[in-house]
$ cat protein_3.cif   # mmCIF, C-alpha atoms
data_query
loop_
_atom_site.group_PDB
_atom_site.id
_atom_site.type_symbol
_atom_site.label_atom_id
_atom_site.label_comp_id
_atom_site.auth_asym_id
_atom_site.auth_seq_id
_atom_site.Cartn_x
_atom_site.Cartn_y
_atom_site.Cartn_z
ATOM 1 C CA MET A 110 158.417 171.139 41.246
ATOM 2 C CA GLN A 111 157.170 170.510 37.700
ATOM 3 C CA SER A 112 157.923 174.122 36.782
ATOM 4 C CA ILE A 113 161.480 173.857 38.100
ATOM 5 C CA GLY A 114 162.007 170.654 36.138
ATOM 6 C CA ALA A 115 160.685 172.226 32.948
ATOM 7 C CA ASP A 116 162.905 175.300 33.367
ATOM 8 C CA PHE A 117 165.921 173.057 33.904
ATOM 9 C CA ALA A 118 165.109 171.108 30.760
ATOM 10 C CA ASN A 119 164.709 174.265 28.693
ATOM 11 C CA THR A 120 167.921 175.908 29.841
ATOM 12 C CA VAL A 121 170.279 172.939 30.129
ATOM 13 C CA LEU A 122 168.790 169.764 28.702
ATOM 14 C CA SER A 123 167.695 171.270 25.414
ATOM 15 C CA GLY A 124 167.460 168.923 22.473
ATOM 16 C CA SER A 125 170.314 170.657 20.689
ATOM 17 C CA LEU A 126 172.621 170.427 23.694
ATOM 18 C CA LEU A 127 171.923 166.736 24.222
ATOM 19 C CA LEU A 128 173.205 166.157 20.704
ATOM 20 C CA ALA A 129 175.892 168.831 20.662
ATOM 21 C CA ILE A 130 177.657 168.030 23.960
ATOM 22 C CA PRO A 131 178.678 164.465 22.942
ATOM 23 C CA VAL A 132 179.750 165.793 19.525
ATOM 24 C CA ALA A 133 181.872 168.477 21.203
ATOM 25 C CA MET A 134 183.534 165.963 23.526
ATOM 26 C CA LEU A 135 184.205 163.602 20.623
ATOM 27 C CA ALA A 136 185.726 166.502 18.683
ATOM 28 C CA GLY A 137 188.068 167.118 21.609
ATOM 29 C CA LEU A 138 189.114 163.454 21.687
ATOM 30 C CA VAL A 139 189.740 163.509 17.934
ATOM 31 C CA SER A 140 191.871 166.634 18.357
ATOM 32 C CA PHE A 141 193.983 164.912 20.998
ATOM 33 C CA ALA A 142 194.466 161.835 18.804
ATOM 34 C CA SER A 143 195.498 163.916 15.801
ATOM 35 C CA PRO A 144 199.031 163.786 14.350
ATOM 36 C CA CYS A 145 199.562 167.420 15.400
ATOM 37 C CA VAL A 146 199.113 166.685 19.104
ATOM 38 C CA VAL A 147 200.097 163.057 19.844
ATOM 39 C CA PRO A 148 203.814 163.421 18.991
ATOM 40 C CA LEU A 149 204.043 166.409 21.345
ATOM 41 C CA VAL A 150 202.368 164.775 24.341
ATOM 42 C CA PRO A 151 205.531 163.345 26.003
ATOM 43 C CA GLY A 152 207.182 166.744 25.718
ATOM 44 C CA TYR A 153 204.144 168.487 27.188
ATOM 45 C CA LEU A 154 204.012 166.070 30.122
ATOM 46 C CA GLY A 155 207.674 166.535 30.889
ATOM 47 C CA TYR A 156 207.464 170.297 30.427
ATOM 48 C CA VAL A 157 204.504 170.943 32.722
ATOM 49 C CA SER A 158 206.051 168.849 35.483
ATOM 50 C CA GLY A 159 209.496 170.408 35.065
ATOM 51 C CA MET A 160 210.970 166.911 34.731
ATOM 52 C CA ALA A 161 212.125 164.810 31.826
ATOM 53 C CA GLY A 162 211.046 161.412 30.532
ATOM 54 C CA ALA A 163 211.055 158.694 33.178
ATOM 55 C CA ASP A 164 211.534 161.189 36.012
ATOM 56 C CA ALA A 165 208.086 162.622 35.283
ATOM 57 C CA GLY A 166 206.489 159.231 35.834
ATOM 58 C CA GLY A 167 208.037 158.436 39.204
ATOM 59 C CA LYS A 168 205.707 157.876 42.148
ATOM 60 C CA LYS A 169 207.072 160.883 44.028
ATOM 61 C CA SER A 170 206.666 163.168 41.034
ATOM 62 C CA ARG A 171 203.206 161.887 40.020
ATOM 63 C CA PRO A 172 201.226 164.512 42.007
ATOM 64 C CA ARG A 173 203.370 167.250 40.492
ATOM 65 C CA LEU A 174 202.778 165.878 36.998
ATOM 66 C CA VAL A 175 198.999 165.663 37.526
ATOM 67 C CA LEU A 176 198.864 169.201 38.916
ATOM 68 C CA GLY A 177 200.926 170.490 35.997
ATOM 69 C CA VAL A 178 198.574 168.824 33.504
ATOM 70 C CA LEU A 179 195.523 170.300 35.270
ATOM 71 C CA LEU A 180 197.070 173.775 35.034
ATOM 72 C CA PHE A 181 197.914 173.146 31.371
ATOM 73 C CA ILE A 182 194.281 172.130 30.681
ATOM 74 C CA ALA A 183 193.046 175.211 32.540
ATOM 75 C CA GLY A 184 195.220 177.383 30.294
ATOM 76 C CA PHE A 185 193.884 176.208 26.947
ATOM 77 C CA SER A 186 190.338 175.900 28.358
ATOM 78 C CA ALA A 187 190.401 179.609 29.245
ATOM 79 C CA VAL A 188 191.263 180.422 25.626
ATOM 80 C CA PHE A 189 188.656 178.150 24.031
ATOM 81 C CA VAL A 190 185.826 179.075 26.405
ATOM 82 C CA THR A 191 186.533 182.788 25.963
ATOM 83 C CA LEU A 192 186.455 182.360 22.182
ATOM 84 C CA ALA A 193 183.158 180.460 22.422
ATOM 85 C CA ILE A 194 181.633 183.185 24.595
ATOM 86 C CA VAL A 195 182.603 185.892 22.094
ATOM 87 C CA VAL A 196 181.225 183.965 19.119
ATOM 88 C CA SER A 197 178.032 182.960 20.959
ATOM 89 C CA ALA A 198 177.451 186.593 21.964
ATOM 90 C CA ALA A 199 177.786 187.566 18.300
ATOM 91 C CA GLY A 200 175.295 184.853 17.407
ATOM 92 C CA ALA A 201 172.784 186.219 19.907
ATOM 93 C CA ALA A 202 173.189 189.697 18.399
ATOM 94 C CA PHE A 203 172.409 188.387 14.887
ATOM 95 C CA GLU A 204 169.641 186.009 15.880
ATOM 96 C CA ALA A 205 167.422 187.053 12.964
ATOM 97 C CA GLN A 206 170.088 185.975 10.462
ATOM 98 C CA LEU A 207 171.179 182.909 12.427
ATOM 99 C CA ASP A 208 169.720 180.375 9.977
ATOM 100 C CA ILE A 209 171.681 181.797 7.050
ATOM 101 C CA ILE A 210 174.841 182.153 9.161
ATOM 102 C CA THR A 211 174.507 178.537 10.310
ATOM 103 C CA ARG A 212 174.247 177.254 6.752
ATOM 104 C CA VAL A 213 177.263 179.294 5.625
ATOM 105 C CA LEU A 214 179.307 178.070 8.569
ATOM 106 C CA GLY A 215 178.155 174.540 7.756
ATOM 107 C CA VAL A 216 180.015 174.896 4.450
ATOM 108 C CA VAL A 217 183.072 176.061 6.410
ATOM 109 C CA VAL A 218 182.818 172.994 8.669
ATOM 110 C CA ILE A 219 182.696 170.744 5.572
ATOM 111 C CA LEU A 220 185.851 172.408 4.232
ATOM 112 C CA MET A 221 187.518 172.031 7.625
ATOM 113 C CA GLY A 222 186.621 168.338 7.635
ATOM 114 C CA LEU A 223 188.228 167.895 4.236
ATOM 115 C CA ALA A 224 191.290 169.788 5.485
ATOM 116 C CA PHE A 225 191.456 167.515 8.540
ATOM 117 C CA MET A 226 191.607 164.494 6.233
ATOM 118 C CA GLY A 227 194.424 166.114 4.244
ATOM 119 C CA ALA A 228 192.360 166.881 1.149
ATOM 120 C CA MET A 229 193.359 170.565 1.246
ATOM 121 C CA PRO A 230 197.177 170.660 1.568
ATOM 122 C CA PHE A 231 197.389 174.469 1.701
ATOM 123 C CA LEU A 232 195.614 174.326 5.081
ATOM 124 C CA GLN A 233 198.067 171.794 6.490
ATOM 125 C CA ASN A 234 200.797 174.297 7.321
ATOM 126 C CA GLU A 235 201.123 174.744 11.059
ATOM 127 C CA ARG A 236 200.552 178.201 12.478
ATOM 128 C CA ARG A 237 201.245 178.823 16.145
ATOM 129 C CA PHE A 238 202.875 181.245 18.531
ATOM 130 C CA HIS A 239 206.409 180.120 19.253
ATOM 131 C CA VAL A 240 206.667 181.030 22.919
ATOM 132 C CA SER A 241 208.594 178.967 25.450
ATOM 133 C CA PRO A 242 207.324 179.568 28.986
ATOM 134 C CA LYS A 243 209.378 178.427 31.924
ATOM 135 C CA ALA A 244 209.197 174.664 32.474
ATOM 136 C CA GLY A 245 207.358 173.477 35.575
ATOM 137 C CA LEU A 246 204.142 174.312 37.394
ATOM 138 C CA ALA A 247 204.575 178.073 37.019
ATOM 139 C CA GLY A 248 204.774 177.812 33.246
ATOM 140 C CA ALA A 249 202.068 175.119 32.838
ATOM 141 C CA PRO A 250 199.076 177.512 32.529
ATOM 142 C CA LEU A 251 200.996 179.745 30.123
ATOM 143 C CA LEU A 252 201.931 176.717 28.025
ATOM 144 C CA GLY A 253 198.236 175.824 27.931
ATOM 145 C CA ILE A 254 197.367 179.344 26.781
ATOM 146 C CA VAL A 255 200.032 179.187 24.071
ATOM 147 C CA PHE A 256 198.684 175.778 23.030
ATOM 148 C CA GLY A 257 195.180 177.252 22.834
ATOM 149 C CA LEU A 258 196.216 180.361 20.916
ATOM 150 C CA GLY A 259 198.284 178.346 18.453
ATOM 151 C CA TRP A 260 196.479 177.154 15.341
ATOM 152 C CA THR A 261 197.213 173.731 13.867
ATOM 153 C CA PRO A 262 195.433 171.906 11.053
ATOM 154 C CA CYS A 263 194.328 169.278 13.549
ATOM 155 C CA ILE A 264 192.801 171.465 16.251
ATOM 156 C CA GLY A 265 191.434 174.257 14.057
ATOM 157 C CA PRO A 266 188.811 172.215 12.153
ATOM 158 C CA THR A 267 187.361 170.436 15.197
ATOM 159 C CA LEU A 268 187.335 173.591 17.296
ATOM 160 C CA SER A 269 185.676 175.486 14.445
ATOM 161 C CA ALA A 270 182.888 172.904 14.364
ATOM 162 C CA VAL A 271 182.306 173.212 18.105
ATOM 163 C CA ILE A 272 182.307 177.020 17.919
ATOM 164 C CA THR A 273 179.761 176.796 15.097
ATOM 165 C CA LEU A 274 177.522 174.563 17.207
ATOM 166 C CA GLY A 275 177.848 177.081 20.028
ATOM 167 C CA LEU A 276 176.785 179.837 17.656
ATOM 168 C CA THR A 277 173.631 177.927 16.678
ATOM 169 C CA GLU A 278 172.646 177.622 20.353
ATOM 170 C CA GLY A 279 171.890 181.355 20.418
ATOM 171 C CA THR A 280 172.987 181.930 24.034
ATOM 172 C CA VAL A 281 176.370 182.643 25.567
ATOM 173 C CA GLY A 282 175.945 180.094 28.362
ATOM 174 C CA ARG A 283 175.234 177.202 26.023
ATOM 175 C CA GLY A 284 178.092 178.160 23.724
ATOM 176 C CA ALA A 285 180.454 178.207 26.685
ATOM 177 C CA LEU A 286 179.126 174.822 27.835
ATOM 178 C CA LEU A 287 179.973 173.270 24.468
ATOM 179 C CA ALA A 288 183.486 174.730 24.677
ATOM 180 C CA VAL A 289 183.872 173.175 28.139
ATOM 181 C CA ALA A 290 182.766 169.811 26.709
ATOM 182 C CA TYR A 291 185.369 170.167 23.944
ATOM 183 C CA CYS A 292 188.064 170.997 26.488
ATOM 184 C CA LEU A 293 187.108 167.931 28.525
ATOM 185 C CA GLY A 294 187.428 165.740 25.459
ATOM 186 C CA LEU A 295 190.832 167.235 24.663
ATOM 187 C CA GLY A 296 192.093 167.477 28.245
ATOM 188 C CA LEU A 297 191.005 164.197 29.854
ATOM 189 C CA PRO A 298 193.424 162.087 27.754
ATOM 190 C CA PHE A 299 196.293 164.303 28.958
ATOM 191 C CA LEU A 300 195.134 163.742 32.534
ATOM 192 C CA ALA A 301 194.729 159.982 32.033
ATOM 193 C CA LEU A 302 198.256 159.671 30.639
ATOM 194 C CA ALA A 303 199.592 161.644 33.595
ATOM 195 C CA LEU A 304 197.821 159.344 36.065
ATOM 196 C CA TRP A 305 198.967 156.169 34.288
ATOM 197 C CA PHE A 306 202.273 157.416 32.966
ATOM 198 C CA GLU A 307 203.793 153.917 32.755
ATOM 199 C CA ARG A 308 201.292 152.935 30.063
ATOM 200 C CA SER A 309 201.455 156.187 28.130
ATOM 201 C CA GLY A 310 204.110 154.918 25.719
ATOM 202 C CA ARG A 311 201.943 152.049 24.490
ATOM 203 C CA VAL A 312 198.867 154.251 24.150
ATOM 204 C CA LEU A 313 200.734 156.917 22.187
ATOM 205 C CA ALA A 314 202.334 154.264 19.986
ATOM 206 C CA TRP A 315 198.867 152.897 19.144
ATOM 207 C CA LEU A 316 197.605 156.389 18.319
ATOM 208 C CA ARG A 317 200.597 157.049 16.067
ATOM 209 C CA LYS A 318 200.082 153.710 14.311
ATOM 210 C CA HIS A 319 196.424 154.487 13.570
ATOM 211 C CA ARG A 320 196.809 158.219 12.974
ATOM 212 C CA ARG A 321 195.596 158.070 9.375
ATOM 213 C CA GLY A 322 192.444 156.186 10.325
ATOM 214 C CA LEU A 323 191.769 158.673 13.118
ATOM 215 C CA GLN A 324 192.229 161.556 10.678
ATOM 216 C CA ILE A 325 189.717 160.049 8.262
ATOM 217 C CA PHE A 326 187.226 159.355 11.063
ATOM 218 C CA GLY A 327 187.538 162.877 12.468
ATOM 219 C CA GLY A 328 187.314 164.523 9.062
ATOM 220 C CA ALA A 329 184.295 162.432 8.074
ATOM 221 C CA MET A 330 182.574 163.378 11.342
ATOM 222 C CA LEU A 331 183.069 167.067 10.554
ATOM 223 C CA VAL A 332 181.843 166.676 6.973
ATOM 224 C CA VAL A 333 178.677 164.913 8.149
ATOM 225 C CA LEU A 334 178.093 167.610 10.767
ATOM 226 C CA GLY A 335 178.612 170.331 8.164
ATOM 227 C CA VAL A 336 176.140 168.710 5.786
ATOM 228 C CA MET A 337 173.577 168.497 8.594
ATOM 229 C CA LEU A 338 174.035 172.207 9.319
ATOM 230 C CA VAL A 339 173.773 173.212 5.659
ATOM 231 C CA THR A 340 170.668 171.135 4.956
ATOM 232 C CA GLY A 341 168.895 172.014 8.198
ATOM 233 C CA LEU A 342 168.892 168.371 9.327
ATOM 234 C CA TRP A 343 170.698 169.340 12.541
ATOM 235 C CA GLY A 344 167.907 171.749 13.461
ATOM 236 C CA ALA A 345 165.259 169.157 12.592
ATOM 237 C CA LEU A 346 166.899 166.497 14.775
ATOM 238 C CA THR A 347 167.314 168.841 17.721
ATOM 239 C CA GLY A 348 163.693 169.934 17.344
ATOM 240 C CA GLU A 349 162.505 166.321 17.472
ATOM 241 C CA LEU A 350 164.632 165.650 20.531
ATOM 242 C CA GLN A 351 163.377 168.817 22.216
ATOM 243 C CA GLY A 352 159.796 167.660 21.655
ATOM 244 C CA TRP A 353 160.628 164.324 23.301
ATOM 245 C CA ILE A 354 162.187 166.126 26.290
ATOM 246 C CA ASP A 355 159.179 168.422 26.681
ATOM 247 C CA SER A 356 156.747 165.503 26.605
ATOM 248 C CA PHE A 357 158.848 163.676 29.188
ATOM 249 C CA TRP A 358 158.732 166.552 31.663
ATOM 250 C CA VAL A 359 155.001 167.029 31.119
ATOM 251 C CA ALA A 360 154.408 163.342 31.773
ATOM 252 C CA VAL A 361 156.404 163.551 34.974
#
$ encode --input "protein_3.cif" --output "structure tokens"
Amino acid sequence: MQSIGADFANTVLSGSLLLAIPVAMLAGLVSFASPCVVPLVPGYLGYVSGMAGADAGGKKSRPRLVLGVLLFIAGFSAVFVTLAIVVSAAGAAFEAQLDIITRVLGVVVILMGLAFMGAMPFLQNERRFHVSPKAGLAGAPLLGIVFGLGWTPCIGPTLSAVITLGLTEGTVGRGALLAVAYCLGLGLPFLALALWFERSGRVLAWLRKHRRGLQIFGGAMLVVLGVMLVTGLWGALTGELQGWIDSFWVAV
């Protein structure tokens, strides 16, 4: 039983993952609250349900709206998880150079954090595929895929940070797990607004009102993470946490 517990700790509850998973989920939440996403949320909700405005929030249409949002989340999750798997596989192939790669990507994460805060205007131009899938449940997954493939200044930096963390994990499974955590952070607010559609207007209004503060918070989070990657502090912290986990399982 002790051996099984230790194996579980080593493969899933590694020190790095215990730190990285909350960071990935928070990055997803920050992406949702960004000025690139919040203004589009009402349109997304109406589009995936095939209904408009108040019709999408009716009691009879609520199950359809929730299902449409779940399909939409599945669409962009497929894109992000696939990307994480590819990058993590590359990281495993270059394991010997992983420390140098991590530090270089840490610089990239710092730059992305500055871009998120608006300090690099040339990165603020939106780049996305302009595809309009059919409205309704049939088009919801495709809309999610288009959303995932599209690049915006608000999603790109946070996703880049999560992909970088996945690369430092050194295994495909852990990289994919971080991408799933990011997708949960980005997708759960969509689902919550679909479930409580009547309150969505007030929530979105609050997010729009505080969008600048959210941008600064998200950008600062990325800059701090980038600095930790560049200096090696991230690795030191995860090593300390891993030692605590190992001693816990031994004690048990």
$ resolve_selection --input "protein_3.cif" --expression "the PyMOL selection byres ((chain A and resi 219) around 12)" --output "ChimeraX atom specification"
/A:212-218,220-226,228-229,266-267,269-270,273,327-339
$ resolve_selection --input "protein_3.cif" --expression "the PyMOL selection byres ((chain A and resi 176) around 10)" --output "number ranges by chain"
A: 157-158, 171-175, 177-182, 246, 249, 300, 303
$ atom_distance --input "protein_3.cif" --atom1 "atom CA of A:Ala133" --atom2 "atom CA of A:Phe326"
14.7 Å
$ resolve_selection --input "protein_3.cif" --expression "the PyMOL selection byres ((chain A and resi 184-193) around 7)" --output "ChimeraX atom specification"
/A:180-183,194-197,250-251,253-254,256-258,272,275,284-285,288-289,292
$ atom_distance --input "protein_3.cif" --atom1 "atom CA of A:Leu128" --atom2 "atom CA of A:Thr277"
12.4 Å
$ closest_residue --input "protein_3.cif" --among "A:Phe203, A:Tyr153, A:Phe306, A:Phe299" --to "A:Phe141" --atoms "all atoms listed in the file"
A:Phe299
$ atom_distance --input "protein_3.cif" --atom1 "atom CA of A:Tyr291" --atom2 "atom CA of A:Val255"
17.2 Å
$ closest_residue --input "protein_3.cif" --among "A:Gly227, A:Gly200, A:Gly265, A:Gly152" --to "A:Ser140" --atoms "all atoms listed in the file"
A:Gly265
$ closest_residue --input "protein_3.cif" --among "A:Val139, A:Met134, A:Val147, A:Leu154" --to "A:Trp305" --atoms "all atoms listed in the file"
A:Leu154
